[in-house]
Each structure stands twice: as structure tokens, then as C-alpha cells.
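The next block is final19.txt, given as compact mmCIF, C-alpha atoms.
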```
# COMPACT_ATOMS: atom_id res chain seq x y z
CA MET D 1 -49.73 -30.37 -9.71
CA LYS D 2 -52.21 -32.92 -11.06
CA GLU D 3 -51.99 -31.39 -14.54
CA PHE D 4 -48.26 -32.08 -14.60
CA ILE D 5 -48.97 -35.75 -13.92
CA GLU D 6 -51.33 -35.85 -16.91
CA MET D 7 -48.65 -34.25 -19.10
CA PHE D 8 -46.14 -36.84 -17.93
CA LEU D 9 -48.52 -39.77 -18.49
CA ASN D 10 -49.28 -38.48 -21.98
CA TYR D 11 -45.52 -38.41 -22.67
CA LEU D 12 -45.17 -42.01 -21.48
CA SER D 13 -48.02 -43.10 -23.73
CA VAL D 14 -47.30 -41.13 -26.90
CA GLU D 15 -43.52 -40.76 -26.97
CA ARG D 16 -42.33 -43.79 -25.04
CA GLY D 17 -45.17 -46.11 -26.01
CA LEU D 18 -45.49 -47.74 -22.60
CA ALA D 19 -48.24 -50.28 -21.93
CA ARG D 20 -51.51 -49.11 -20.41
CA ASN D 21 -50.99 -51.10 -17.20
CA THR D 22 -47.52 -49.58 -16.76
CA ILE D 23 -48.91 -46.08 -17.19
CA LEU D 24 -51.66 -46.79 -14.65
CA SER D 25 -48.99 -47.92 -12.17
CA TYR D 26 -47.11 -44.65 -12.69
CA LYS D 27 -50.34 -42.73 -12.16
CA ASP D 28 -51.16 -44.53 -8.90
CA ASP D 29 -47.62 -44.07 -7.54
CA LEU D 30 -47.53 -40.36 -8.39
CA ASN D 31 -50.99 -39.71 -6.93
CA ILE D 32 -49.83 -41.27 -3.64
CA TYR D 33 -46.74 -39.06 -3.80
CA MET D 34 -48.88 -35.96 -4.39
CA ASP D 35 -51.15 -36.83 -1.46
CA PHE D 36 -48.09 -37.05 0.77
CA LEU D 37 -46.83 -33.64 -0.37
CA ALA D 38 -50.28 -32.13 0.23
CA LYS D 39 -50.29 -33.44 3.81
CA LYS D 40 -46.93 -31.71 4.29
CA ASN D 41 -48.45 -28.47 2.97
CA ILE D 42 -46.23 -28.51 -0.13
CA ASP D 43 -48.47 -27.02 -2.79
CA ALA D 44 -45.92 -26.64 -5.62
CA LEU D 45 -43.42 -29.09 -7.08
CA ALA D 46 -40.87 -26.28 -7.31
CA ARG D 47 -40.78 -26.30 -3.49
CA THR D 48 -40.06 -30.03 -3.29
CA THR D 49 -36.65 -30.94 -1.90
CA ARG D 50 -34.58 -34.08 -1.77
CA SER D 51 -35.45 -34.32 1.92
CA ASP D 52 -39.18 -34.34 1.10
CA ILE D 53 -38.72 -37.27 -1.28
CA THR D 54 -36.59 -39.14 1.26
CA ASN D 55 -39.27 -38.57 3.89
CA PHE D 56 -41.86 -39.94 1.48
CA MET D 57 -39.85 -43.14 1.04
CA LEU D 58 -39.47 -43.49 4.82
CA ASP D 59 -43.20 -42.92 5.23
CA GLN D 60 -43.88 -45.77 2.79
CA LYS D 61 -41.49 -48.01 4.71
CA ASP D 62 -43.25 -47.17 8.00
CA LYS D 63 -46.49 -48.29 6.36
CA SER D 64 -44.91 -51.72 5.78
CA MET D 65 -44.69 -51.21 2.03
CA ALA D 66 -42.63 -53.91 0.31
CA ALA D 67 -39.10 -52.92 -0.75
CA ASN D 68 -39.88 -53.62 -4.42
CA SER D 69 -42.96 -51.37 -4.29
CA ILE D 70 -40.99 -48.56 -2.66
CA ALA D 71 -38.29 -48.87 -5.32
CA ARG D 72 -40.94 -48.77 -8.05
CA ARG D 73 -42.48 -45.61 -6.57
CA LEU D 74 -39.09 -43.94 -6.35
CA ALA D 75 -38.44 -44.82 -10.00
CA ALA D 76 -41.77 -43.21 -10.96
CA ILE D 77 -40.97 -40.07 -8.95
CA LYS D 78 -37.50 -39.78 -10.47
CA SER D 79 -38.84 -40.18 -14.01
CA PHE D 80 -41.52 -37.59 -13.28
CA HIS D 81 -39.11 -34.97 -11.94
CA ARG D 82 -36.61 -35.61 -14.75
CA PHE D 83 -39.39 -35.04 -17.27
CA LEU D 84 -40.43 -31.75 -15.65
CA PHE D 85 -36.81 -30.58 -15.50
CA ARG D 86 -36.19 -31.53 -19.13
CA GLU D 87 -39.34 -29.68 -20.19
CA ARG D 88 -38.11 -26.64 -18.20
CA ILE D 89 -41.20 -26.68 -16.04
CA LEU D 90 -38.88 -27.03 -13.03
CA GLN D 91 -35.50 -25.36 -12.72
CA ALA D 92 -34.01 -28.17 -10.66
CA ASP D 93 -34.39 -31.92 -10.23
CA PRO D 94 -34.45 -32.82 -6.51
CA THR D 95 -34.11 -36.52 -7.33
CA SER D 96 -30.81 -36.22 -9.21
CA LEU D 97 -28.69 -37.21 -6.21
CA ILE D 98 -31.06 -39.85 -4.83
CA GLU D 99 -29.84 -43.37 -5.57
CA SER D 100 -32.26 -46.16 -6.26
CA PRO D 101 -32.03 -48.98 -3.71
CA LYS D 102 -30.24 -52.17 -4.73
CA LEU D 103 -32.72 -55.03 -4.48
CA TRP D 104 -32.18 -58.76 -4.32
CA LYS D 105 -33.40 -60.36 -7.50
CA LYS D 106 -35.82 -63.14 -6.59
CA ILE D 107 -35.24 -66.34 -8.51
CA PRO D 108 -38.45 -67.21 -10.38
CA ASP D 109 -40.19 -70.44 -9.46
CA ALA D 110 -39.95 -72.98 -12.27
CA LEU D 111 -41.42 -76.42 -12.70
CA SER D 112 -39.34 -79.48 -13.50
CA LEU D 113 -39.82 -81.07 -16.91
CA SER D 114 -41.82 -83.93 -15.39
CA GLU D 115 -44.07 -81.43 -13.57
CA VAL D 116 -44.69 -79.57 -16.83
CA GLU D 117 -45.53 -82.83 -18.61
CA SER D 118 -47.95 -83.73 -15.82
CA LEU D 119 -49.59 -80.30 -15.94
CA LEU D 120 -49.99 -80.37 -19.72
CA SER D 121 -51.58 -83.81 -19.61
CA ARG D 122 -54.40 -82.81 -17.24
CA PRO D 123 -56.98 -81.29 -19.68
CA ASN D 124 -59.63 -83.78 -20.80
CA LEU D 125 -59.45 -83.89 -24.61
CA ARG D 126 -62.89 -85.49 -24.80
CA GLN D 127 -64.37 -82.18 -23.67
CA THR D 128 -64.58 -78.95 -25.65
CA GLN D 129 -63.12 -76.86 -22.82
CA GLY D 130 -60.35 -79.40 -22.27
CA ILE D 131 -59.23 -79.10 -25.90
CA ARG D 132 -59.07 -75.33 -25.54
CA ASP D 133 -57.24 -75.50 -22.21
CA LYS D 134 -54.69 -77.92 -23.64
CA ALA D 135 -54.00 -75.50 -26.50
CA ILE D 136 -53.57 -72.60 -24.05
CA LEU D 137 -51.18 -74.51 -21.78
CA GLU D 138 -49.12 -75.85 -24.69
CA THR D 139 -48.89 -72.37 -26.21
CA LEU D 140 -47.77 -70.76 -22.95
CA TYR D 141 -45.04 -73.34 -22.38
CA ALA D 142 -43.94 -73.50 -26.05
CA THR D 143 -43.49 -69.73 -26.36
CA GLY D 144 -42.92 -68.30 -22.88
CA MET D 145 -45.64 -65.73 -23.56
CA ARG D 146 -47.06 -63.65 -20.75
CA VAL D 147 -50.66 -64.52 -19.95
CA SER D 148 -51.74 -61.02 -21.03
CA GLU D 149 -50.07 -61.64 -24.40
CA ALA D 150 -51.82 -65.00 -24.84
CA VAL D 151 -55.17 -63.35 -24.04
CA ASN D 152 -54.59 -60.77 -26.79
CA LEU D 153 -53.17 -63.22 -29.32
CA ARG D 154 -55.09 -62.89 -32.58
CA VAL D 155 -56.02 -65.67 -34.99
CA ASP D 156 -54.14 -63.93 -37.82
CA GLY D 157 -51.07 -63.70 -35.59
CA VAL D 158 -50.56 -67.47 -35.66
CA ASN D 159 -48.95 -69.21 -38.65
CA LEU D 160 -49.14 -72.94 -38.08
CA ASP D 161 -47.69 -73.79 -41.50
CA ILE D 162 -44.28 -72.37 -40.66
CA GLY D 163 -44.65 -72.69 -36.87
CA PHE D 164 -44.47 -69.11 -35.63
CA LEU D 165 -46.75 -66.68 -33.84
CA ARG D 166 -46.70 -62.91 -33.58
CA CYS D 167 -47.58 -61.28 -30.30
CA ILE D 168 -47.69 -57.75 -28.90
CA GLY D 169 -45.78 -57.39 -25.65
CA LYS D 170 -45.04 -54.62 -23.17
CA GLY D 171 -44.78 -51.14 -24.63
CA ASN D 172 -46.77 -52.31 -27.66
CA LYS D 173 -43.65 -54.05 -28.99
CA GLU D 174 -44.17 -56.84 -31.47
CA ARG D 175 -42.11 -60.02 -31.49
CA VAL D 176 -42.17 -63.32 -33.37
CA ILE D 177 -41.78 -66.58 -31.42
CA PRO D 178 -41.35 -70.15 -32.75
CA LEU D 179 -44.00 -72.77 -31.97
CA GLY D 180 -43.12 -76.38 -31.17
CA ARG D 181 -44.76 -79.37 -32.88
CA LYS D 182 -46.91 -80.32 -29.88
CA ALA D 183 -48.22 -76.78 -29.50
CA ILE D 184 -49.05 -76.67 -33.22
CA ILE D 185 -50.99 -79.95 -32.99
CA SER D 186 -52.94 -78.68 -29.95
CA ILE D 187 -53.81 -75.37 -31.61
CA GLN D 188 -54.86 -77.15 -34.83
CA ARG D 189 -57.20 -79.44 -32.87
CA TYR D 190 -58.61 -76.43 -30.99
CA LEU D 191 -59.22 -74.45 -34.20
CA LYS D 192 -60.87 -77.40 -35.96
CA VAL D 193 -62.93 -78.95 -33.18
CA CYS D 194 -63.33 -76.61 -30.24
CA ARG D 195 -63.29 -72.96 -31.30
CA PRO D 196 -66.30 -73.23 -33.69
CA ARG D 197 -68.35 -74.81 -30.87
CA LEU D 198 -67.48 -71.99 -28.49
CA LEU D 199 -68.17 -69.24 -31.03
CA LYS D 200 -71.51 -70.67 -32.21
CA GLN D 201 -71.33 -68.74 -35.51
CA ARG D 202 -70.20 -65.58 -33.73
CA GLU D 203 -67.00 -63.83 -34.75
CA CYS D 204 -63.97 -63.03 -32.62
CA GLU D 205 -60.53 -61.85 -33.77
CA PHE D 206 -58.78 -63.33 -30.74
CA LEU D 207 -57.47 -66.89 -30.80
CA PHE D 208 -58.53 -68.12 -27.37
CA VAL D 209 -62.20 -67.61 -26.53
CA SER D 210 -64.41 -68.27 -23.53
CA ARG D 211 -67.51 -70.48 -23.44
CA LEU D 212 -69.48 -67.30 -24.22
CA GLY D 213 -67.59 -66.86 -27.49
CA LYS D 214 -65.65 -63.82 -26.30
CA LYS D 215 -61.97 -63.20 -25.68
CA ILE D 216 -60.87 -65.27 -22.71
CA SER D 217 -59.82 -63.27 -19.65
CA ARG D 218 -56.53 -63.34 -17.77
CA GLN D 219 -58.39 -64.46 -14.67
CA SER D 220 -59.84 -67.46 -16.51
CA ILE D 221 -56.39 -68.60 -17.67
CA TRP D 222 -55.01 -68.09 -14.17
CA LYS D 223 -57.81 -70.22 -12.71
CA LEU D 224 -57.34 -73.05 -15.19
CA ILE D 225 -53.57 -73.14 -14.56
CA LYS D 226 -54.17 -73.41 -10.82
CA ARG D 227 -56.86 -76.06 -11.27
CA TYR D 228 -54.73 -78.29 -13.49
CA ALA D 229 -51.70 -77.83 -11.22
CA LYS D 230 -53.83 -79.06 -8.34
CA ASP D 231 -55.04 -82.00 -10.43
CA ALA D 232 -51.41 -82.81 -11.25
CA ARG D 233 -50.60 -82.71 -7.51
CA ILE D 234 -47.84 -80.18 -8.01
CA LYS D 235 -46.74 -79.00 -4.57
CA LYS D 236 -44.83 -75.92 -5.73
CA THR D 237 -46.40 -72.48 -5.53
CA ILE D 238 -48.04 -71.87 -8.90
CA LYS D 239 -48.11 -68.31 -10.18
CA VAL D 240 -49.54 -66.77 -13.30
CA HIS D 241 -46.13 -66.80 -15.07
CA THR D 242 -44.91 -70.20 -13.83
CA LEU D 243 -44.98 -71.68 -17.35
CA ARG D 244 -43.12 -68.63 -18.68
CA HIS D 245 -40.43 -69.09 -16.05
CA SER D 246 -40.26 -72.82 -16.80
CA PHE D 247 -39.91 -72.12 -20.54
CA ALA D 248 -36.89 -69.84 -19.98
CA THR D 249 -35.28 -72.08 -17.38
CA HIS D 250 -35.56 -75.24 -19.49
CA LEU D 251 -34.16 -73.53 -22.61
CA LEU D 252 -31.11 -72.18 -20.77
CA GLU D 253 -30.61 -75.46 -18.94
CA ARG D 254 -30.32 -77.20 -22.29
CA GLY D 255 -27.81 -74.75 -23.76
CA ALA D 256 -29.86 -71.99 -25.41
CA ASP D 257 -27.99 -68.68 -25.60
CA LEU D 258 -29.12 -65.83 -23.38
CA ARG D 259 -29.78 -63.36 -26.23
CA SER D 260 -32.16 -65.73 -28.02
CA VAL D 261 -34.11 -66.39 -24.83
CA GLN D 262 -34.22 -62.64 -24.15
CA GLU D 263 -35.71 -62.05 -27.60
CA MET D 264 -38.33 -64.77 -27.19
CA LEU D 265 -39.35 -63.51 -23.74
CA GLY D 266 -39.51 -59.91 -24.94
CA HIS D 267 -37.23 -58.57 -22.20
CA ALA D 268 -35.99 -55.05 -22.88
CA ASN D 269 -32.93 -55.61 -20.68
CA ILE D 270 -30.85 -58.78 -20.74
CA SER D 271 -30.24 -58.48 -16.99
CA THR D 272 -33.87 -59.54 -16.53
CA THR D 273 -33.22 -62.71 -18.52
CA GLN D 274 -30.04 -63.43 -16.56
CA ILE D 275 -32.13 -64.25 -13.49
CA TYR D 276 -32.83 -67.62 -15.11
CA THR D 277 -29.16 -68.59 -15.36
CA HIS D 278 -29.24 -69.79 -11.74
CA ILE D 279 -30.24 -73.21 -13.07
CA ASN D 280 -27.02 -73.46 -15.08
CA LYS D 281 -25.02 -72.51 -12.01
CA ASP D 282 -26.75 -75.14 -9.89
CA ARG D 283 -26.06 -77.74 -12.57
CA LEU D 284 -22.38 -76.77 -12.74
CA LYS D 285 -22.09 -77.04 -8.96
CA ALA D 286 -23.63 -80.50 -9.03
CA ILE D 287 -21.21 -81.64 -11.76
CA HIS D 288 -18.26 -80.14 -9.88
CA LYS D 289 -19.27 -81.90 -6.68
CA MET D 290 -19.76 -85.21 -8.47
CA PHE D 291 -16.52 -85.33 -10.47
CA HIS D 292 -13.94 -83.11 -8.77
CA PRO D 293 -11.36 -85.11 -6.78
CA ARG D 294 -11.62 -82.68 -3.87
CA PRO D 295 -15.29 -81.60 -3.81
```
Go ahead and render the structure in this file as C-alpha cells.
Amino acid sequence: MKEFIEMFLNYLSVERGLARNTILSYKDDLNIYMDFLAKKNIDALARTTRSDITNFMLDQKDKSMAANSIARRLAAIKSFHRFLFRERILQADPTSLIESPKLWKKIPDALSLSEVESLLSRPNLRQTQGIRDKAILETLYATGMRVSEAVNLRVDGVNLDIGFLRCIGKGNKERVIPLGRKAIISIQRYLKVCRPRLLKQRECEFLFVSRLGKKISRQSIWKLIKRYAKDARIKKTIKVHTLRHSFATHLLERGADLRSVQEMLGHANISTTQIYTHINKDRLKAIHKMFHPRP
């Protein structure tokens, strides 16, 4: 059965062009599924029934697995069986009548504008690392990029003259995002003053580099975001995509259309972007309460 997983993962990579991390998640989920079937003495996928898959989901629930993780594993299993059925490796798809659970969409945590301003003002511009960190923070907030996209942002992918950058997102999809004036100024200062010091005559194709002159890691960016948030005395829970969430929330709050924000965030489905519209609804409620004669 393991060889079928490799066939499926190859399909996801070559034909669907999914990101490496996504494919690894599929692999982990399917390996756990296979281990469960083996414990139930099911040695062939052709023998798998809808009841077996339901029992697997219940087993995951009994192990205190989060609802989102269970739903993700079911999605992987369904995609896997559909692939095998479509390739005529299996004569039936036992997942065809299994419905995916409806999950509550968690509203992303976003910072207020004043909190963002405080966070972005924390790096010390008299220090080489502070100049770099300022450029990273300004870029993340100006573009709504994922941290993984910022890490892989190349020098030749940034055009400061016209104020755009080109990044590669999930599924190896390329998108172009505008850069604001403040982000451009920060990147220019970083390129002129800081980056040459960090590289020390070494070469690196990536824009943001570490003190060793190599591509900065996701962990390093995550640590600097947390450190500056602490310095700014921000009480909210800070996550790796907090600036991304703040970017989307602030744009929609100020009247940006949903499709444009979707394109800048690189969301494949607009329903993902719609999560951020809660801010608009809260604002409308506040206005209604303030001005309606019978609030």
C-alpha cells in the first residue's frame, strides 16, 4: 500500500504543483492512516470500507486529536482514494459518501494600527541587525506575505523603482504585490547599509540574510517578531502570521475590495479571505448602535 502513497504524492507534486510542506503533510496523514489499517489487519486498500474510515476518524478523536487536524486527515484520505479510483487502481471509492465535517472558522488575531506602528518602531536603526529587522517587518506588513515567502524572497524579485515585489506562494504560484513608500525606504536602507555588512563580500540570491550571510530562517523571523512585540508591550497573542492578518484586516476595514485582498494574499479560495470581513461587520454594528434611534 505504501507504493500507492508514493504514486499519489508524485501526482500532487508533478500534476497539481502543491508545495513541499503540503505534500509532506499528506504523507504524514496517510502513513498514520495506513498504520491504523495494518493494526486492523487490513492489508489491501481494496478491502477498505466506509466503516473502516469512520472508525479511523473516531480513533483520532479518542486520541484527543484537534477537530481541524481530523478534518485535514479526512481530506487527505478522500483525495487519496479518489485518485486511486480515478486511476482504476481501485474499483470503488469508500469515501464517496463520507461528508467532511463543518468547522468553525477561527477569526485571525490582528493588531490595531497603533500596535502595528509600535511594533514597527522597535528595531534600533543604529544597529546593522535593527536595519534588517525593520525592513523585514515593514515588508511583511506592507505586503501581507507569509513568513515562508519573505524568507524565499529574492533580490531580483523586488523592484523598488516601481514599488512592486514578486513572490512565490503555495503551490509554487507566483504573484506580484505592491510595496508602500515606508517599506521601500526601509528596504533601500537595508540594501545600501546593512546587507553588504552581513554578506561580507559573500553572495546570496535571497533578499533577507542572517548575520552569517546566508538566507534568514523562518525561525529567526518568528523570534524577532516575538521579541519586538514584547518590547512594544503588546498584550495580544503574537503568531507567525499576525502581521499578515493585520495587513488584510486593515485593508478591508478601510474599504479595499475582497478580490484585490485575495489576490495580494495569494488565497486560492475567496472564502479564506472572507474570514477577515468580521472587522467590517463589527464596525457596522458599532455605527448602527451609535446612530440608530432604537439601538
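Distance annotation: of D:Ile225, D:Ala76, D:Ala46, D:Ile185, the residue with the minimal separation from Ile32 in chain D is D:Ala76; atom set is all atoms listed in the file.
Going from CA of Trp222 in chain D over to CA of Val240 in chain D, you cover 5.7 Å.
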When you look at Lys215 in chain D with a cut-off of 10 Å (counting all atoms listed in the file), what residues show up, excluding the ones that are within fewer than 6 positions of it in the same chain? I need them as an MDAnalysis selection string. chainID D and resid 151:154 204:209
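Relative to CA of Thr143 in chain D, CA of Ile177 in chain D is found at 6.2 Å.
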Write out as a ChimeraX atom specification which residues come within 12 Å of Ser13 in chain D when counting all atoms listed in the file, dropping same-chain ones fewer than 5 positions away. /D:6-8,18-24,26-27,170-172
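Separating CA of Arg50 in chain D from CA of Leu74 in chain D is a distance of 11.8 Å.
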Output as JSON lines one row per residue of range 61-139 of chain D within 10 Å of range 243-257 of chain D: the closest atom pair and its distance in Å to one decimal place, counting all atoms listed in the file, sorted by chain and residue number ascending.
```
{"residue": "D:Ile107", "atom": "CA", "partner": "D:His245", "partner_atom": "CA", "distance": 9.6}
{"residue": "D:Pro108", "atom": "CA", "partner": "D:His245", "partner_atom": "CA", "distance": 6.3}
{"residue": "D:Asp109", "atom": "CA", "partner": "D:His245", "partner_atom": "CA", "distance": 6.7}
{"residue": "D:Ala110", "atom": "CA", "partner": "D:Ser246", "partner_atom": "CA", "distance": 4.5}
{"residue": "D:Leu111", "atom": "CA", "partner": "D:Ser246", "partner_atom": "CA", "distance": 5.6}
{"residue": "D:Ser112", "atom": "CA", "partner": "D:Ser246", "partner_atom": "CA", "distance": 7.5}
{"residue": "D:Leu113", "atom": "CA", "partner": "D:His250", "partner_atom": "CA", "distance": 7.7}
{"residue": "D:Glu115", "atom": "CA", "partner": "D:Ser246", "partner_atom": "CA", "distance": 10.0}
{"residue": "D:Val116", "atom": "CA", "partner": "D:Leu243", "partner_atom": "CA", "distance": 7.9}
{"residue": "D:Leu119", "atom": "CA", "partner": "D:Leu243", "partner_atom": "CA", "distance": 9.9}
{"residue": "D:Leu137", "atom": "CA", "partner": "D:Leu243", "partner_atom": "CA", "distance": 8.1}
{"residue": "D:Glu138", "atom": "CA", "partner": "D:Leu243", "partner_atom": "CA", "distance": 9.4}
{"residue": "D:Thr139", "atom": "CA", "partner": "D:Leu243", "partner_atom": "CA", "distance": 9.7}
```
Resulting file, chosen residues, C-alpha atoms, as a JSON list (two decimals), keeping the file's coordinate frame:
```
[["chain", "number", "residue", "atom", "x", "y", "z"],
["D", 107, "ILE", "CA", -35.24, -66.34, -8.51],
["D", 108, "PRO", "CA", -38.45, -67.21, -10.38],
["D", 109, "ASP", "CA", -40.19, -70.44, -9.46],
["D", 110, "ALA", "CA", -39.95, -72.98, -12.27],
["D", 111, "LEU", "CA", -41.42, -76.42, -12.70],
["D", 112, "SER", "CA", -39.34, -79.48, -13.50],
["D", 113, "LEU", "CA", -39.82, -81.07, -16.91],
["D", 115, "GLU", "CA", -44.07, -81.43, -13.57],
["D", 116, "VAL", "CA", -44.69, -79.57, -16.83],
["D", 119, "LEU", "CA", -49.59, -80.30, -15.94],
["D", 137, "LEU", "CA", -51.18, -74.51, -21.78],
["D", 138, "GLU", "CA", -49.12, -75.85, -24.69],
["D", 139, "THR", "CA", -48.89, -72.37, -26.21]]
```
Can you tell me which residues surround Arg175 in chain D at a distance of at most 10 Å, considering only C-alpha atoms, apart from same-chain residues fewer than 6 positions away, and format the answer as a ChimeraX atom specification? /D:165-169,263-266
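Of the listed residues (D:Leu198, D:Asp156, D:Phe80, D:Gly144), D:Gly144 comes nearest to Gly180 in chain D; the distances count all atoms listed in the file.
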Using only C-alpha atoms and a cutoff of 10 Å, can you tell me which residues are near (-54.8, -31.1, -6.1) in the file's coordinates, and write them out as a compact mmCIF listing (two decimals) with C-alpha atoms, in the coordinates of the input?
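Once written, out_28.txt looks like this:
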```
# COMPACT_ATOMS: atom_id res chain seq x y z
CA MET D 1 -49.73 -30.37 -9.71
CA LYS D 2 -52.21 -32.92 -11.06
CA GLU D 3 -51.99 -31.39 -14.54
CA ASN D 31 -50.99 -39.71 -6.93
CA MET D 34 -48.88 -35.96 -4.39
CA ASP D 35 -51.15 -36.83 -1.46
CA ALA D 38 -50.28 -32.13 0.23
CA ASP D 43 -48.47 -27.02 -2.79
CA ALA D 44 -45.92 -26.64 -5.62
```
Which residue is closest to Asp28 in chain D? Choose from D:Ser69, D:Thr48, D:Gln219, D:Ser100 and count all atoms listed in the file. D:Ser69
Range 107-125 of chain D: axis-aligned bounding box, 5 Å on each side, centre and edge lengths in Å, one decimal, as lines of an AutoDock Vina configuration file:
```
center_x = -47.4
center_y = -75.1
center_z = -16.6
size_x = 34.4
size_y = 27.6
size_z = 26.1
```
Near Gln129 in chain D, counting only C-alpha atoms, which residues have an atom at most 12 Å away, once you skip same-chain residues fewer than 2 positions from it, shown as number ranges by chain? D: 122-127, 131-136, 189-190, 193-198, 208-213, 216, 220-221, 224
Could you check the closest approach to Phe56 in chain D for each of D:Leu37, D:Ala229, D:Ile42, D:Ile238 and tell me which residue wins, using only C-alpha atoms? D:Leu37
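Closest to Ser217 in chain D among D:Ala150, D:Ala75, D:Ala92, D:Met57 is D:Ala150, based on all atoms listed in the file.
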Return the single residue from D:Ser79, D:Ser260, D:Lys40, D:Ile234 that is closest to Val176 in chain D, with distances computed using all atoms listed in the file. D:Ser260
